[in-house]
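Peer 1: Structure file work28.cif (mmCIF, C-alpha atoms) is given on the next line.
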data_final
#
loop_
_atom_site.label_atom_id
_atom_site.label_comp_id
_atom_site.auth_asym_id
_atom_site.auth_seq_id
_atom_site.Cartn_x
_atom_site.Cartn_y
_atom_site.Cartn_z
CA MET U 19 -63.88 -96.24 250.47
CA LYS U 20 -66.05 -93.34 251.57
CA ILE U 21 -64.57 -90.96 254.14
CA THR U 22 -67.27 -89.99 256.60
CA LYS U 23 -65.16 -88.11 259.15
CA VAL U 24 -61.77 -86.47 258.79
CA TYR U 25 -60.88 -86.09 262.45
CA THR U 26 -61.26 -88.80 265.07
CA LYS U 27 -59.36 -87.23 267.99
CA GLY U 28 -57.75 -90.65 268.44
CA GLY U 29 -54.30 -89.23 267.75
CA ASP U 30 -54.50 -86.24 270.06
CA LYS U 31 -52.13 -87.88 272.55
CA GLY U 32 -49.45 -88.85 270.03
CA GLN U 33 -50.73 -92.33 269.15
CA THR U 34 -52.21 -93.65 265.94
CA SER U 35 -53.61 -96.94 264.68
CA LEU U 36 -51.92 -99.29 262.24
CA VAL U 37 -53.71 -101.55 259.81
CA GLY U 38 -55.16 -104.16 262.17
CA GLY U 39 -55.84 -101.68 264.97
CA GLN U 40 -52.57 -101.74 266.95
CA ARG U 41 -51.81 -98.39 268.56
CA VAL U 42 -48.30 -96.98 268.14
CA SER U 43 -46.49 -93.72 268.75
CA LYS U 44 -46.62 -91.20 265.95
CA ALA U 45 -42.84 -90.94 266.41
CA SER U 46 -42.25 -94.64 265.65
CA VAL U 47 -39.87 -95.82 262.94
CA ARG U 48 -42.86 -97.36 261.14
CA LEU U 49 -44.68 -94.05 260.93
CA GLU U 50 -41.51 -92.31 259.78
CA ALA U 51 -41.26 -94.86 256.97
CA TYR U 52 -44.78 -94.62 255.63
CA GLY U 53 -45.04 -90.91 256.42
CA THR U 54 -42.03 -90.27 254.22
CA ILE U 55 -43.62 -92.33 251.43
CA ASP U 56 -46.73 -90.17 251.82
CA GLU U 57 -44.55 -87.05 251.58
CA LEU U 58 -42.95 -88.47 248.43
CA SER U 59 -46.37 -89.07 246.90
CA SER U 60 -47.30 -85.44 247.60
CA HIS U 61 -44.12 -84.23 245.89
CA LEU U 62 -44.90 -86.53 242.96
CA GLY U 63 -48.37 -84.98 242.78
CA LEU U 64 -46.77 -81.55 242.41
CA LEU U 65 -44.48 -82.90 239.71
CA ALA U 66 -47.43 -84.47 237.88
CA SER U 67 -49.31 -81.17 238.00
CA TRP U 68 -46.50 -79.58 235.97
CA LEU U 69 -46.16 -82.35 233.41
CA PRO U 70 -48.08 -82.30 230.15
CA GLU U 71 -50.41 -85.20 229.38
CA GLY U 72 -48.34 -88.10 228.18
CA HIS U 73 -46.15 -91.00 229.20
CA GLU U 74 -44.15 -89.28 231.95
CA LYS U 75 -47.27 -87.97 233.68
CA GLN U 76 -48.93 -91.39 233.43
CA MET U 77 -45.85 -93.02 234.97
CA VAL U 78 -45.75 -90.55 237.86
CA GLU U 79 -49.44 -91.15 238.58
CA ARG U 80 -48.90 -94.92 238.35
CA ILE U 81 -46.08 -94.57 240.88
CA GLN U 82 -48.36 -92.62 243.22
CA ASN U 83 -50.86 -95.48 243.09
CA ASN U 84 -48.09 -97.97 243.84
CA LEU U 85 -46.93 -95.85 246.77
CA PHE U 86 -50.40 -96.25 248.31
CA ASN U 87 -49.73 -100.00 248.31
CA VAL U 88 -46.28 -99.39 249.81
CA CYS U 89 -47.85 -97.28 252.59
CA THR U 90 -50.40 -99.99 253.35
CA ASN U 91 -47.59 -102.54 253.52
CA LEU U 92 -45.53 -100.37 255.87
CA ALA U 93 -48.57 -99.53 258.01
CA THR U 94 -49.15 -103.23 258.69
CA ASP U 95 -47.33 -104.95 261.54
CA GLN U 96 -46.97 -108.27 259.74
CA SER U 97 -46.10 -110.07 262.97
CA GLN U 98 -49.68 -109.37 264.15
CA THR U 99 -51.77 -108.70 261.05
CA PRO U 100 -51.73 -110.39 257.64
CA LEU U 101 -51.18 -108.07 254.70
CA TYR U 102 -54.19 -107.00 252.72
CA PRO U 103 -53.92 -108.10 249.10
CA SER U 104 -53.80 -104.40 248.20
CA ALA U 105 -50.59 -104.01 250.22
CA HIS U 106 -48.66 -105.99 247.61
CA LEU U 107 -47.20 -104.36 244.55
CA ALA U 108 -48.51 -105.78 241.32
CA VAL U 109 -46.18 -108.26 239.67
CA GLY U 110 -43.84 -106.50 237.27
CA GLU U 111 -43.80 -103.02 238.83
CA ILE U 112 -40.11 -103.22 239.80
CA GLU U 113 -39.22 -104.50 236.35
CA LEU U 114 -41.27 -101.70 234.78
CA LEU U 115 -39.18 -99.11 236.61
CA GLU U 116 -36.01 -100.87 235.41
CA GLN U 117 -37.31 -100.84 231.83
CA GLU U 118 -38.16 -97.15 232.11
CA VAL U 119 -34.68 -96.33 233.46
CA ASP U 120 -33.04 -98.27 230.63
CA ALA U 121 -35.25 -96.65 227.99
CA ILE U 122 -34.55 -93.14 229.27
CA MET U 123 -30.81 -93.78 229.48
CA ASN U 124 -30.86 -94.92 225.84
CA GLU U 125 -32.53 -91.62 224.84
CA LEU U 126 -30.04 -89.36 226.61
CA PRO U 127 -26.61 -88.27 225.43
CA GLU U 128 -23.79 -89.70 227.50
CA ARG U 129 -22.55 -87.30 230.16
CA GLN U 130 -19.72 -87.55 232.59
CA GLY U 131 -19.55 -86.15 236.10
CA PHE U 132 -21.96 -85.48 238.91
CA ILE U 133 -24.85 -83.18 238.11
CA LEU U 134 -26.23 -80.47 240.33
CA PRO U 135 -29.98 -80.84 240.89
CA GLY U 136 -31.93 -78.22 239.02
CA GLY U 137 -32.77 -77.22 235.49
CA VAL U 138 -36.34 -76.66 234.46
CA GLN U 139 -39.00 -76.60 237.17
CA GLU U 140 -40.20 -80.14 236.44
CA ALA U 141 -36.66 -81.60 236.55
CA ALA U 142 -35.85 -79.75 239.75
CA GLN U 143 -39.02 -81.19 241.32
CA ALA U 144 -38.06 -84.68 240.11
CA HIS U 145 -34.76 -84.20 241.98
CA VAL U 146 -36.68 -83.21 245.13
CA CYS U 147 -38.75 -86.37 244.69
CA ARG U 148 -35.55 -88.40 244.30
CA THR U 149 -34.06 -87.10 247.54
CA VAL U 150 -37.29 -87.67 249.48
CA CYS U 151 -37.39 -91.17 247.97
CA ARG U 152 -33.84 -91.84 249.22
CA ARG U 153 -34.86 -90.68 252.70
CA ALA U 154 -37.89 -92.97 252.55
CA GLU U 155 -35.60 -95.84 251.62
CA ARG U 156 -33.40 -95.14 254.66
CA ARG U 157 -36.50 -95.12 256.88
CA ILE U 158 -37.68 -98.41 255.38
CA VAL U 159 -34.27 -99.99 255.98
CA ALA U 160 -34.40 -98.82 259.60
CA LEU U 161 -37.88 -100.32 259.98
CA SER U 162 -36.74 -103.59 258.41
CA GLU U 163 -34.09 -103.91 261.12
CA GLU U 164 -36.82 -104.23 263.76
CA ALA U 165 -39.92 -105.45 261.90
CA ILE U 166 -41.02 -107.49 258.92
CA VAL U 167 -41.00 -105.46 255.70
CA SER U 168 -41.85 -107.11 252.41
CA PRO U 169 -38.67 -107.26 250.30
CA GLU U 170 -40.38 -105.88 247.19
CA VAL U 171 -41.13 -102.64 249.06
CA GLN U 172 -37.47 -101.87 249.62
CA GLN U 173 -36.59 -102.96 246.06
CA TYR U 174 -39.33 -100.79 244.56
CA VAL U 175 -38.30 -97.68 246.47
CA ASN U 176 -34.65 -98.24 245.56
CA ARG U 177 -35.50 -98.52 241.83
CA LEU U 178 -37.84 -95.55 242.12
CA SER U 179 -35.04 -93.22 243.18
CA ASP U 180 -33.06 -94.34 240.12
CA TYR U 181 -36.07 -93.68 237.92
CA LEU U 182 -36.56 -90.21 239.39
CA PHE U 183 -32.90 -89.38 238.74
CA VAL U 184 -33.10 -90.29 235.05
CA LEU U 185 -36.54 -88.69 234.74
CA ALA U 186 -35.03 -85.39 235.91
CA LYS U 187 -32.31 -85.76 233.29
CA LYS U 188 -34.90 -86.53 230.61
CA LEU U 189 -37.08 -83.56 231.54
CA ASN U 190 -34.10 -81.22 231.23
CA PHE U 191 -33.07 -82.83 227.94
CA MET U 192 -36.61 -82.55 226.51
CA ALA U 193 -36.66 -78.85 227.47
CA GLY U 194 -33.24 -78.23 225.91
CA LYS U 195 -31.83 -77.29 229.31
CA GLN U 196 -28.17 -78.07 229.85
CA GLU U 197 -27.46 -79.72 233.19
CA LYS U 198 -24.88 -78.17 235.45
CA ILE U 199 -21.97 -80.44 236.25
CA TRP U 200 -20.43 -80.32 239.71
CA ASN U 201 -17.30 -78.23 239.62
CA ASN U 202 -15.03 -79.44 242.39
CA ALA U 203 -12.65 -76.57 241.59
CA CYS U 204 -14.91 -74.34 243.73
CA LYS U 205 -13.21 -75.62 246.87
#
Could you write out this file's structure as structure tokens?
Peer 2:
Amino acid sequence: MKITKVYTKGGDKGQTSLVGGQRVSKASVRLEAYGTIDELSSHLGLLASWLPEGHEKQMVERIQNNLFNVCTNLATDQSQTPLYPSAHLAVGEIELLEQEVDAIMNELPERQGFILPGGVQEAAQAHVCRTVCRRAERRIVALSEEAIVSPEVQQYVNRLSDYLFVLAKKLNFMAGKQEKIWNNACK
């Protein structure tokens, strides 16, 4: 799709258009949901910019592409507009995240306790992505309480936060960086 104009002035009064043309407030639960997914994709872009070429970078970029589909899904009021085919996640994307989580967990040494987000820059950014992903999931749940949301969207975002957690662990492990375990004795 070619972008011919960046600004339309259509949102100057706090309204925007959904897929299908319905006008809604920019403060709506729906916009919070897909806006947070957009924010997550931006954070993933930063993470990808720090990753070397390879499997992890390819996965992050694949996830960004999938999040475009998630945004399209969330930006569609399914009670008024049928979903575009592109709004659906490809078959197997949830299972792929599960496979990735399992594979990473098999690579890592077993650790006990809660970890503090951080470590190398890439791992710390993966933790930021994880927390934004969790917020997006909360926004999607809130939207699903008042509108139709495709079940695979919520499932994908839930699995994605798990993937981002283990990815952060893997990035620290690959860099030889020891994770910091929560010390509840600091109370």
Peer 1: As a short mmCIF file (atom, residue, chain, number, x, y, z; two decimals) with C-alpha atoms, keeping the file's coordinate frame, please: the residues near Asp95 of chain U (cut-off 12 Å, only C-alpha atoms, same-chain neighbours under 4 positions excluded).
Peer 2:
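The resulting part-v3.cif:
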data_model
loop_
_atom_site.label_atom_id
_atom_site.label_comp_id
_atom_site.auth_asym_id
_atom_site.auth_seq_id
_atom_site.Cartn_x
_atom_site.Cartn_y
_atom_site.Cartn_z
CA SER U 35 -53.61 -96.94 264.68
CA LEU U 36 -51.92 -99.29 262.24
CA VAL U 37 -53.71 -101.55 259.81
CA GLY U 38 -55.16 -104.16 262.17
CA GLY U 39 -55.84 -101.68 264.97
CA GLN U 40 -52.57 -101.74 266.95
CA ARG U 41 -51.81 -98.39 268.56
CA VAL U 42 -48.30 -96.98 268.14
CA VAL U 47 -39.87 -95.82 262.94
CA ARG U 48 -42.86 -97.36 261.14
CA LEU U 49 -44.68 -94.05 260.93
CA CYS U 89 -47.85 -97.28 252.59
CA THR U 90 -50.40 -99.99 253.35
CA ASN U 91 -47.59 -102.54 253.52
CA THR U 99 -51.77 -108.70 261.05
CA PRO U 100 -51.73 -110.39 257.64
CA LEU U 101 -51.18 -108.07 254.70
CA TYR U 102 -54.19 -107.00 252.72
CA ALA U 105 -50.59 -104.01 250.22
CA LEU U 161 -37.88 -100.32 259.98
CA SER U 162 -36.74 -103.59 258.41
CA GLU U 164 -36.82 -104.23 263.76
CA ALA U 165 -39.92 -105.45 261.90
CA ILE U 166 -41.02 -107.49 258.92
CA VAL U 167 -41.00 -105.46 255.70
CA SER U 168 -41.85 -107.11 252.41
#
Peer 1: Atom CA of Tyr174 of chain U and atom CA of Glu155 of chain U, how far apart in Å?
Peer 2: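 Interatomic distance, atom CA of Glu155 of chain U to atom CA of Tyr174 of chain U: 9.4 Å.
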Peer 1: Would you kindly return, as a ChimeraX atom specification, each protein, DNA or RNA residue with an atom no farther than 12 Å from any atom of Asn84 of chain U, considering only C-alpha atoms and excluding same-chain residues fewer than 3 positions away?
Peer 2: /U:55-56,58-59,62,77-81,87-91,104-112,114-115,170-171,174-175,178
Peer 1: Which distance in Å separates atom CA of Leu69 of chain U and atom CA of Arg156 of chain U, to one decimal?
Peer 2: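 Interatomic distance, atom CA of Leu69 of chain U to atom CA of Arg156 of chain U: 27.9 Å.
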Peer 1: Rank nothing, just name the residue among U:Gly72, U:Gly137, U:Gly194, U:Gly53 nearest to Leu92 of chain U, using all atoms listed in the file.
Peer 2: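 Smallest separation from Leu92 of chain U among the options: U:Gly53.
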Peer 1: With all atoms of segment 119-133 of chain U from the file as input, state the centre and edge lengths in Å to one decimal of the axis-aligned box that has 5 Å extra on each side, as JSON.
Peer 2:
{"center_x": -27.4, "center_y": -90.7, "center_z": 231.9, "size_x": 25.7, "size_y": 25.1, "size_z": 24.1}
Peer 1: Using all atoms listed in the file, which of the listed residues (U:Ile199, U:Ala51, U:Ala154, U:Ala144) sits closest to Lys75 of chain U?
Peer 2: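 Of the candidates, the smallest distance to Lys75 of chain U is held by U:Ala144.
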Peer 1: Translate the PyMOL selection byres ((chain U and resi 193) around 12) into a concrete residue list for this structure, as a PDB file with C-alpha atoms, in the frame of the given file.
Peer 2:
ATOM      1  CA  LEU U  69     -46.160 -82.350 233.410  1.00  0.00           C
ATOM      2  CA  GLY U 137     -32.770 -77.220 235.490  1.00  0.00           C
ATOM      3  CA  VAL U 138     -36.340 -76.660 234.460  1.00  0.00           C
ATOM      4  CA  GLN U 139     -39.000 -76.600 237.170  1.00  0.00           C
ATOM      5  CA  GLU U 140     -40.200 -80.140 236.440  1.00  0.00           C
ATOM      6  CA  ALA U 141     -36.660 -81.600 236.550  1.00  0.00           C
ATOM      7  CA  ALA U 186     -35.030 -85.390 235.910  1.00  0.00           C
ATOM      8  CA  LYS U 187     -32.310 -85.760 233.290  1.00  0.00           C
ATOM      9  CA  LYS U 188     -34.900 -86.530 230.610  1.00  0.00           C
ATOM     10  CA  LEU U 189     -37.080 -83.560 231.540  1.00  0.00           C
ATOM     11  CA  ASN U 190     -34.100 -81.220 231.230  1.00  0.00           C
ATOM     12  CA  PHE U 191     -33.070 -82.830 227.940  1.00  0.00           C
ATOM     13  CA  MET U 192     -36.610 -82.550 226.510  1.00  0.00           C
ATOM     14  CA  GLY U 194     -33.240 -78.230 225.910  1.00  0.00           C
ATOM     15  CA  LYS U 195     -31.830 -77.290 229.310  1.00  0.00           C
ATOM     16  CA  GLN U 196     -28.170 -78.070 229.850  1.00  0.00           C
ATOM     17  CA  GLU U 197     -27.460 -79.720 233.190  1.00  0.00           C
TER      18      GLU U 197
END
Peer 1: So how far away is atom CA of Phe183 of chain U from atom CA of His145 of chain U, in Å?
Peer 2: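 If I compute the distance from atom CA of His145 of chain U to atom CA of Phe183 of chain U, I get 6.4 Å.
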Peer 1: Using all atoms listed in the file for the distances, tell me which of U:Asn202, U:Val159, U:Phe86, U:Tyr181 is nearest to Met123 of chain U.
Peer 2: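 Among the listed residues, the smallest separation from Met123 of chain U belongs to U:Tyr181.
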Peer 1: Using only C-alpha atoms, can you tell me which of U:Asn83, U:Gly131, U:Ala93, U:Gln117 comes closest to Ser46 of chain U?
Peer 2: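 Of U:Asn83, U:Gly131, U:Ala93, U:Gln117, the one nearest Ser46 of chain U is U:Ala93, counting only C-alpha atoms.
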Peer 1: When the PyMOL selection byres ((chain U and resi 132) around 9) is applied to the file above, which residues end up in the set, as an MDAnalysis selection string?
Peer 2: chainID U and resid 129:131 133:134 198:201
Peer 1: Looking at U:Leu185, U:Leu64, U:Ala45, U:Ala142, which one is nearest to Asp120 of chain U, with distances taken over only C-alpha atoms?
Peer 2: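 Checking each of U:Leu185, U:Leu64, U:Ala45, U:Ala142 against Asp120 of chain U, counting only C-alpha atoms, the winner is U:Leu185.
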Peer 1: I need the residue nearest Arg148 of chain U from this list: U:Leu182, U:Val119, U:Lys20, U:Glu163. Use all atoms listed in the file for the distance.
Peer 2: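 That would be U:Leu182, the residue with the smallest distance to Arg148 of chain U.
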